[in-house]
Structure formats: structure tokens, C-alpha cells
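Heads up: the structure comes next, in C-alpha cells.
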There are 2 protein chains.
Amino acid sequence: MDTKLEYLCQQIIEFYDKISSWEQEVVKESGLTPSQMHAIEIIGHAEELRMKELAEQMGLTTGTITVMVDGLEKQGAVQRKRHEVDRRSILVVLTDKGKEFFDEHHQLHMKLTQELSSSLSAKEVGYLSSALTKMNLQI
Amino acid sequence: MDTKLEYLCQQIIEFYDKISSWEQEVVKESGLTPSQMHAIEIIGHAEELRMKELAEQMGLTTGTITVMVDGLEKQGAVQRKRHEVDRRSILVVLTDKGKEFFDEHHQLHMKLTQELSSSLSAKEVGYLSSALTKMNLQI
DNA sequence: CAAAATACCTTGACAATCAAACAATACTGA
DNA sequence: TCAGTATTGTTTGATTGTCAAGGTATTTTG
């Protein structure tokens with residue numbers, strides 16, 4: 001009973017650590033920092049969002065986001081746009097170059113997913129997706 | 001076919017991100033930095049290991065590990081011991097206080113695992129563990 | 001034994017982060 | 001309406017995490 005949970009816990013940690021290492025390695029190749037890549041993922045997923053929203057989603061202060069977006073802008077990956085309604089706010093969007101980073105990284109995620117699941121049957125993939133979906137609702 | 005993989009990829013990323021946020025939040029409460037906690041987990045799991053091994057497992061340079069272990073030693077969480085055979089090497093071990101950190105953090109991991117899996121049947125937990133185990137071998 | 005390799009430490013530099021203070025803008029309630 | 005308050009983003013100063021490069025002590029190798 002408890003043993004099963006202990007085992008699951010151990011497997012989750014190992015899975016998490018391995019993805020973490022993989023991500024760190026892959027991001028290093030891209031020339032972006034892990035934080036920057038994470039920001040690009042969030043911005044790309046949202047299409048456009050305010051600095052404040054980006055800060056909240058990344059669990060950082062707006063001061064930190066200002067600096068990070070400065071860096072991403074300098075690299076030509078994102079662009080600041082004024083918010084038409086609320087002039088205090090600033091919208092961040094991906095440039096074409098930013099979208100390239102985003103797409104390339106997504107390709108890598110897909111490749112990893114494929115490799116990870118290569119030893120699972122279609123049925124097992126189904127169960128796994130279902131379990132992950134349920135767990136994602138739980139947290 | 002490809003859609004299934006796309007969905008799995010998305011669920012994995014979401015799962016990873018949520019655990020990441022959870023970990024960050026939980027570690028903040030402990031008074032340790034994320035890196036320090038990670039080091040404690042690795043040291044605790046290995047019982048004792050050399051600075052070099054710690055560096056490799058964390059994907060950091062030995063210079064960084066020196067500073068980090070200095071910090072952990074200052075907090076009383078770890079202790080340096082000389083290596084009896086190879087006198088270039090230094091072994092790092094957890095002190096009693098370090099073991100407390102380790103155990104408390106493990107308790108939190110178990111609690112999270114329990115919460116995550118609370119909406120899964122015993123059968124589903126079995127499938128999940130099995131899938132994770134297979135994936136962990138793949139990476 | 002001499003040369004090369006290894007393990008750890010130190011130093012100097014840089015990036016990420018936060019808290020606090022600030023400016024511009026929006027909201028609110030009397 | 002408008003005075004006070006809240007919100008958004010930026011700046012600044014300090015701290016921390018990290019690396020690369022160079023140094024020292026020790027081990028391995030030829």
C-alpha cells in the first residue's frame with residue numbers, strides 16, 4: 001500500500017530530475033538561458049501577455065521580468081507593445097525570431113516525448129496521458 | 001497517432017511545470033535555496049560522495065560545488081570528511097541537521113505524491129509507475 | 001622519477017533575482 | 001469631479017549562483 005506510493009514517489013522524482021537535466025542541456029545549445037527559454041514558452045503559448053502576467057506565471061517579480069524582457073528584446077526574440085486599453089500595461093509578443101525559438105524548442109519536446117514513450121504500447125500511452133491529466137488537475 | 005503524442009507532450013510539460021512550481025514554493029519555506037536542497041537530496045541519497053561526484057550529478061562545476069558546500073556547512077547541514085584512500089578527494093556527508101532537512105523534504109514529496117495520485121485507482125497507479133519506470137530507462 | 005592527470009579551492013566576472021523606491025496611469029468613493 | 005488609493009512597469013543596490021581560468025596538493029602513468 002504505502003510501498004506502492006513510495007515507489008511512485010521515487011519514479012516521479014527520477015522522471016522529473018531527468019527531464020530537468022535534459023532541458024538544461026538542450027537549452028544551453030540554443031544560446032538562451034533557461035529562464036529566457038521558459039519565458040518564450042509562456043509568451044508563445046499565450047500569444048501576447050502583460051509583463052505582470054508573465055511575472056505571475058513565472059513566479060518572479062516584475063522587476064526581474066523587466067530585465068529579462070530587456071535581454072530577450074536585445075536578442076530580437078520578443079517585442080514590447082503598448083496595451084491599447086490600459087496604458088500602464090505593456091504587452092510582450094514573440095517576434096519571428098522568437099517564434100523560431102519557440103517552434104524549435106517544441107520540436108525538441110516532441111522528440112523527447114517520442115523517445116520517452118518509445119517503449120510503451122499505444123494502450124500504455126493512453127493510460128499514461130489519462131493519469132497525467134488527472135494529476136494535473138490535482139495540483 | 002501524432003495527435004496522441006502531441007497530447008502526451010503537453011501533459012508532460014504541464015506536469016513538469018507544476019511540480020517545478022510546487023518544489024520552488026516548498027523549498028522557499030525551508031530556508032534553503034533550491035540548489036542547496038537539491039544537493040541535500042543527492043547527498044542524502046548517496047550517504048556520502050565526493051565533491052566531484054556531486055558536481056557531476058548536479059551538472060555544475062566543482063568550483064560551484066565548493067561554494068555551495070561552504071554554504072551548507074555554514075548552515076550545519078553537511079560536513080566535509082577526508083577520503084581515506086584518495087587524499088585529493090573530499091567526502092560530503094549529511095549532519096543530523098542535514099538529515100532532518102532530507103527527511104522533511106521527503107515527507108513533502110510523499111505528501112505531494114499522495115495528493116497527485118488521489119484521483120487514481122490502485123490499478124492506474126500501477127500502470128503509471130510502470131510507465132514512468134520504462135520512461136526513466138529511456139533517457 | 002618525471003610528466004600528466006585529477007580533485008579541490010580561489011578569484012574575478014557576469015547573470016538572475018529580490019526588495020524597495022519611483023513614475024505613470026487607472027480606479028474609487030465621497 | 002477629484003483626491004486618495006491601487007496597479008503597472010522601471011530603476012537601483014545588494015545578494016546569490018554560476019562559470020572559466022588559474023593555483024595547489026595528490027595520484028597515476030610511462
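Identifiers in the C-alpha cells: chain A, B, ... in order shown; residue index from 1 per chain; ligand index from 1 in order shown.
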For chain C, work out the contacting residues on chain B at 10 Å, counting only C-alpha atoms (C1' of nucleotides), and write them as a PDB file with C-alpha atoms, in the first residue's frame.
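Writing done, so here's selection_35.pdb:
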```
ATOM      1  CA  ARG B  50      32.998  13.147  -3.371  1.00  0.00           C
ATOM      2  CA  MET B  51      32.723  16.783  -4.364  1.00  0.00           C
ATOM      3  CA  LYS B  52      33.413  15.770  -7.933  1.00  0.00           C
ATOM      4  CA  THR B  62      33.483  21.794  -8.853  1.00  0.00           C
ATOM      5  CA  GLY B  63      34.093  25.475  -8.214  1.00  0.00           C
ATOM      6  CA  ILE B  65      30.103  22.956  -5.603  1.00  0.00           C
ATOM      7  CA  THR B  66      32.849  24.278  -3.361  1.00  0.00           C
ATOM      8  CA  VAL B  67      30.865  27.441  -2.739  1.00  0.00           C
ATOM      9  CA  ASP B  86      42.436   9.343  -2.208  1.00  0.00           C
ATOM     10  CA  ARG B  87      43.666  12.362  -0.336  1.00  0.00           C
ATOM     11  CA  ARG B  88      42.800  14.723  -3.166  1.00  0.00           C
ATOM     12  CA  SER B  89      39.162  13.890  -2.658  1.00  0.00           C
ATOM     13  CA  ILE B  90      36.786  15.177  -0.062  1.00  0.00           C
TER      14      ILE B  90
END
```
Wanna dump the region 24-88 of chain B-region 10-24 of chain D contacts at 9 Å for me, each residue with its shortest atom pair and the distance in Å to one decimal, counting only C-alpha atoms (C1' of nucleotides), ordered by chain and number, as a tab-separated table?
```
residue	atom	partner	partner_atom	distance
B:Ser35	CA	D:DG17	C1'	8.6
B:Leu60	CA	D:DT18	C1'	8.2
B:Thr61	CA	D:DC19	C1'	7.6
B:Gly63	CA	D:DC19	C1'	8.3
B:Thr64	CA	D:DT18	C1'	6.5
B:Met68	CA	D:DG17	C1'	8.8
```
Requested in this report: Assign secondary structure with DSSP using the backbone only, and return the residues of chain A in helix (DSSP H, G or I) as a PyMOL selection string.
Outcome: chain A and resi 2-30+34-46+51-58+62-74+96-119+122-138
Store the residues picked out above in a file with C-alpha atoms, as an mmCIF file, in the first residue's frame.
```cif
data_model
loop_
_atom_site.group_PDB
_atom_site.id
_atom_site.type_symbol
_atom_site.label_atom_id
_atom_site.label_comp_id
_atom_site.auth_asym_id
_atom_site.auth_seq_id
_atom_site.Cartn_x
_atom_site.Cartn_y
_atom_site.Cartn_z
ATOM 1 C CA ASP A 2 2.387 2.626 1.266
ATOM 2 C CA THR A 3 5.140 0.842 -0.592
ATOM 3 C CA LYS A 4 3.384 1.465 -3.878
ATOM 4 C CA LEU A 5 3.201 5.140 -3.109
ATOM 5 C CA GLU A 6 6.826 5.205 -2.079
ATOM 6 C CA TYR A 7 7.759 3.625 -5.368
ATOM 7 C CA LEU A 8 5.620 6.050 -7.353
ATOM 8 C CA CYS A 9 7.199 8.961 -5.494
ATOM 9 C CA GLN A 10 10.647 7.713 -6.369
ATOM 10 C CA GLN A 11 9.769 7.261 -10.019
ATOM 11 C CA ILE A 12 8.249 10.727 -10.262
ATOM 12 C CA ILE A 13 11.344 12.304 -8.742
ATOM 13 C CA GLU A 14 13.609 10.408 -11.077
ATOM 14 C CA PHE A 15 11.464 11.353 -14.052
ATOM 15 C CA TYR A 16 11.452 14.986 -13.004
ATOM 16 C CA ASP A 17 15.208 15.094 -12.474
ATOM 17 C CA LYS A 18 15.918 13.509 -15.809
ATOM 18 C CA ILE A 19 13.672 15.903 -17.693
ATOM 19 C CA SER A 20 15.293 18.714 -15.785
ATOM 20 C CA SER A 21 18.780 17.674 -16.872
ATOM 21 C CA TRP A 22 17.620 17.165 -20.416
ATOM 22 C CA GLU A 23 16.027 20.600 -20.538
ATOM 23 C CA GLN A 24 19.113 22.265 -19.100
ATOM 24 C CA GLU A 25 21.302 20.561 -21.669
ATOM 25 C CA VAL A 26 19.073 21.380 -24.604
ATOM 26 C CA VAL A 27 18.569 24.997 -23.647
ATOM 27 C CA LYS A 28 22.305 25.508 -23.324
ATOM 28 C CA GLU A 29 22.659 24.664 -27.013
ATOM 29 C CA SER A 30 20.118 27.281 -28.006
ATOM 30 C CA PRO A 34 16.776 28.556 -19.063
ATOM 31 C CA SER A 35 14.747 31.489 -17.777
ATOM 32 C CA GLN A 36 14.630 33.111 -21.174
ATOM 33 C CA MET A 37 13.514 29.901 -22.833
ATOM 34 C CA HIS A 38 10.854 29.418 -20.219
ATOM 35 C CA ALA A 39 9.623 32.960 -20.842
ATOM 36 C CA ILE A 40 9.479 32.307 -24.575
ATOM 37 C CA GLU A 41 7.424 29.190 -23.984
ATOM 38 C CA ILE A 42 4.934 31.116 -21.880
ATOM 39 C CA ILE A 43 4.729 34.076 -24.243
ATOM 40 C CA GLY A 44 4.414 31.840 -27.276
ATOM 41 C CA HIS A 45 1.670 29.859 -25.636
ATOM 42 C CA ALA A 46 -0.259 32.984 -24.684
ATOM 43 C CA MET A 51 4.563 41.971 -18.043
ATOM 44 C CA LYS A 52 2.631 41.398 -14.844
ATOM 45 C CA GLU A 53 1.041 38.224 -16.162
ATOM 46 C CA LEU A 54 4.396 36.916 -17.308
ATOM 47 C CA ALA A 55 5.831 37.619 -13.856
ATOM 48 C CA GLU A 56 2.977 35.753 -12.191
ATOM 49 C CA GLN A 57 3.251 32.742 -14.452
ATOM 50 C CA MET A 58 6.983 32.534 -13.881
ATOM 51 C CA THR A 62 8.066 42.406 -12.258
ATOM 52 C CA GLY A 63 11.499 43.919 -11.708
ATOM 53 C CA THR A 64 13.093 40.669 -12.748
ATOM 54 C CA ILE A 65 10.790 40.406 -15.755
ATOM 55 C CA THR A 66 11.780 43.885 -16.886
ATOM 56 C CA VAL A 67 15.414 42.836 -17.015
ATOM 57 C CA MET A 68 14.651 39.519 -18.672
ATOM 58 C CA VAL A 69 12.460 41.062 -21.357
ATOM 59 C CA ASP A 70 15.184 43.660 -21.942
ATOM 60 C CA GLY A 71 17.526 40.770 -22.680
ATOM 61 C CA LEU A 72 15.067 38.975 -24.925
ATOM 62 C CA GLU A 73 14.366 42.204 -26.787
ATOM 63 C CA LYS A 74 18.092 42.765 -27.252
ATOM 64 C CA ASP A 96 9.544 35.950 -35.926
ATOM 65 C CA LYS A 97 12.874 35.041 -34.401
ATOM 66 C CA GLY A 98 11.181 34.382 -31.092
ATOM 67 C CA LYS A 99 8.683 32.131 -32.826
ATOM 68 C CA GLU A 100 11.568 30.203 -34.307
ATOM 69 C CA PHE A 101 12.996 29.599 -30.836
ATOM 70 C CA PHE A 102 9.542 28.570 -29.702
ATOM 71 C CA ASP A 103 8.931 26.181 -32.582
ATOM 72 C CA GLU A 104 12.378 24.622 -32.424
ATOM 73 C CA HIS A 105 12.022 24.024 -28.741
ATOM 74 C CA HIS A 106 8.631 22.472 -29.230
ATOM 75 C CA GLN A 107 10.109 20.137 -31.803
ATOM 76 C CA LEU A 108 12.661 19.051 -29.228
ATOM 77 C CA HIS A 109 9.941 18.449 -26.684
ATOM 78 C CA MET A 110 8.114 16.300 -29.180
ATOM 79 C CA LYS A 111 11.253 14.367 -29.964
ATOM 80 C CA LEU A 112 11.845 13.764 -26.266
ATOM 81 C CA THR A 113 8.258 12.654 -25.784
ATOM 82 C CA GLN A 114 8.617 10.236 -28.646
ATOM 83 C CA GLU A 115 11.826 8.793 -27.241
ATOM 84 C CA LEU A 116 10.409 8.552 -23.750
ATOM 85 C CA SER A 117 7.310 6.742 -24.899
ATOM 86 C CA SER A 118 9.074 4.536 -27.407
ATOM 87 C CA SER A 119 8.922 1.541 -25.110
ATOM 88 C CA ALA A 122 -0.444 2.659 -27.577
ATOM 89 C CA LYS A 123 -2.583 1.464 -24.716
ATOM 90 C CA GLU A 124 0.050 2.372 -22.166
ATOM 91 C CA VAL A 125 0.418 5.822 -23.705
ATOM 92 C CA GLY A 126 -3.313 6.248 -23.310
ATOM 93 C CA TYR A 127 -3.243 5.261 -19.647
ATOM 94 C CA LEU A 128 -0.269 7.498 -19.046
ATOM 95 C CA SER A 129 -1.875 10.531 -20.664
ATOM 96 C CA SER A 130 -5.003 9.934 -18.681
ATOM 97 C CA ALA A 131 -3.110 9.634 -15.415
ATOM 98 C CA LEU A 132 -1.114 12.789 -16.101
ATOM 99 C CA THR A 133 -4.276 14.687 -16.976
ATOM 100 C CA LYS A 134 -5.894 13.647 -13.716
ATOM 101 C CA MET A 135 -2.811 14.551 -11.705
ATOM 102 C CA ASN A 136 -2.519 17.913 -13.411
ATOM 103 C CA LEU A 137 -5.988 18.730 -12.163
ATOM 104 C CA GLN A 138 -4.965 17.794 -8.647
#
```
Superposed chain B (on chain A, all in-order C-alpha pairs) as a compact mmCIF listing (two decimals) with C-alpha atoms, in the first residue's frame:
```txt
# COMPACT_ATOMS: atom_id res chain seq x y z
CA MET B 1 0.01 0.02 -0.02
CA ASP B 2 2.36 2.65 1.27
CA THR B 3 5.14 0.89 -0.57
CA LYS B 4 3.37 1.50 -3.86
CA LEU B 5 3.20 5.19 -3.11
CA GLU B 6 6.83 5.26 -2.06
CA TYR B 7 7.75 3.68 -5.37
CA LEU B 8 5.62 6.10 -7.35
CA CYS B 9 7.20 9.02 -5.49
CA GLN B 10 10.65 7.75 -6.36
CA GLN B 11 9.76 7.30 -10.02
CA ILE B 12 8.26 10.76 -10.26
CA ILE B 13 11.35 12.34 -8.74
CA GLU B 14 13.61 10.43 -11.08
CA PHE B 15 11.46 11.39 -14.05
CA TYR B 16 11.45 15.02 -13.00
CA ASP B 17 15.21 15.12 -12.47
CA LYS B 18 15.92 13.54 -15.82
CA ILE B 19 13.69 15.94 -17.69
CA SER B 20 15.31 18.75 -15.79
CA SER B 21 18.80 17.69 -16.89
CA TRP B 22 17.62 17.18 -20.43
CA GLU B 23 16.04 20.62 -20.55
CA GLN B 24 19.12 22.28 -19.11
CA GLU B 25 21.32 20.57 -21.68
CA VAL B 26 19.07 21.38 -24.61
CA VAL B 27 18.58 25.01 -23.66
CA LYS B 28 22.30 25.53 -23.33
CA GLU B 29 22.66 24.68 -27.03
CA SER B 30 20.11 27.30 -28.01
CA GLY B 31 22.10 30.24 -26.67
CA LEU B 32 19.26 31.29 -24.40
CA THR B 33 19.25 30.97 -20.64
CA PRO B 34 16.79 28.55 -19.05
CA SER B 35 14.74 31.49 -17.77
CA GLN B 36 14.63 33.12 -21.17
CA MET B 37 13.52 29.90 -22.82
CA HIS B 38 10.87 29.41 -20.22
CA ALA B 39 9.63 32.94 -20.84
CA ILE B 40 9.48 32.29 -24.58
CA GLU B 41 7.44 29.17 -23.99
CA ILE B 42 4.95 31.08 -21.88
CA ILE B 43 4.74 34.04 -24.24
CA GLY B 44 4.43 31.80 -27.27
CA HIS B 45 1.69 29.82 -25.64
CA ALA B 46 -0.25 32.93 -24.69
CA GLU B 47 0.31 34.78 -27.98
CA GLU B 48 0.60 38.00 -26.02
CA LEU B 49 0.49 38.88 -22.35
CA ARG B 50 1.27 41.68 -19.95
CA MET B 51 4.54 41.90 -18.07
CA LYS B 52 2.63 41.34 -14.86
CA GLU B 53 1.04 38.16 -16.15
CA LEU B 54 4.40 36.87 -17.30
CA ALA B 55 5.83 37.58 -13.86
CA GLU B 56 2.99 35.71 -12.18
CA GLN B 57 3.26 32.70 -14.43
CA MET B 58 6.99 32.49 -13.86
CA GLY B 59 6.82 33.13 -10.14
CA LEU B 60 9.11 36.16 -10.40
CA THR B 61 8.81 39.85 -9.59
CA THR B 62 8.06 42.40 -12.30
CA GLY B 63 11.48 43.90 -11.74
CA THR B 64 13.06 40.64 -12.74
CA ILE B 65 10.77 40.37 -15.75
CA THR B 66 11.75 43.84 -16.88
CA VAL B 67 15.39 42.81 -17.01
CA MET B 68 14.63 39.49 -18.67
CA VAL B 69 12.44 41.04 -21.35
CA ASP B 70 15.15 43.65 -21.93
CA GLY B 71 17.50 40.76 -22.68
CA LEU B 72 15.04 38.97 -24.93
CA GLU B 73 14.35 42.20 -26.78
CA LYS B 74 18.06 42.78 -27.25
CA GLN B 75 18.27 39.30 -28.79
CA GLY B 76 15.37 40.14 -31.07
CA ALA B 77 13.17 37.38 -29.70
CA VAL B 78 10.37 39.45 -28.26
CA GLN B 79 8.86 42.87 -28.67
CA ARG B 80 7.09 45.21 -26.27
CA LYS B 81 3.75 46.61 -27.41
CA ARG B 82 1.62 49.13 -25.66
CA HIS B 83 -1.66 47.96 -24.28
CA GLU B 84 -4.41 49.81 -26.11
CA VAL B 85 -6.76 49.94 -23.17
CA ASP B 86 -4.60 50.07 -20.07
CA ARG B 87 -1.69 52.37 -20.71
CA ARG B 88 0.14 51.26 -17.59
CA SER B 89 0.45 47.82 -19.08
CA ILE B 90 2.87 46.57 -21.66
CA LEU B 91 2.25 43.57 -23.84
CA VAL B 92 5.01 41.18 -24.75
CA VAL B 93 4.86 39.25 -28.01
CA LEU B 94 7.23 36.97 -29.86
CA THR B 95 8.96 38.26 -32.96
CA ASP B 96 9.54 35.96 -35.91
CA LYS B 97 12.88 35.04 -34.41
CA GLY B 98 11.17 34.38 -31.08
CA LYS B 99 8.69 32.12 -32.84
CA GLU B 100 11.60 30.21 -34.31
CA PHE B 101 13.00 29.60 -30.85
CA PHE B 102 9.56 28.56 -29.71
CA ASP B 103 8.95 26.17 -32.58
CA GLU B 104 12.40 24.62 -32.43
CA HIS B 105 12.03 24.04 -28.74
CA HIS B 106 8.65 22.48 -29.24
CA GLN B 107 10.13 20.14 -31.81
CA LEU B 108 12.69 19.06 -29.23
CA HIS B 109 9.95 18.45 -26.69
CA MET B 110 8.12 16.31 -29.19
CA LYS B 111 11.27 14.38 -29.96
CA LEU B 112 11.85 13.76 -26.27
CA THR B 113 8.26 12.66 -25.79
CA GLN B 114 8.63 10.25 -28.65
CA GLU B 115 11.84 8.81 -27.23
CA LEU B 116 10.41 8.56 -23.76
CA SER B 117 7.31 6.77 -24.90
CA SER B 118 9.07 4.56 -27.42
CA SER B 119 8.89 1.56 -25.10
CA LEU B 120 5.22 2.03 -24.35
CA SER B 121 2.32 0.50 -26.23
CA ALA B 122 -0.45 2.70 -27.59
CA LYS B 123 -2.60 1.49 -24.72
CA GLU B 124 0.04 2.41 -22.17
CA VAL B 125 0.41 5.85 -23.72
CA GLY B 126 -3.33 6.28 -23.32
CA TYR B 127 -3.25 5.30 -19.65
CA LEU B 128 -0.28 7.54 -19.05
CA SER B 129 -1.88 10.56 -20.67
CA SER B 130 -5.01 9.98 -18.70
CA ALA B 131 -3.13 9.69 -15.42
CA LEU B 132 -1.13 12.83 -16.11
CA THR B 133 -4.27 14.73 -16.99
CA LYS B 134 -5.90 13.69 -13.73
CA MET B 135 -2.82 14.60 -11.73
CA ASN B 136 -2.51 17.96 -13.43
CA LEU B 137 -5.99 18.78 -12.19
CA GLN B 138 -4.96 17.86 -8.68
CA ILE B 139 -2.23 20.43 -8.23
```
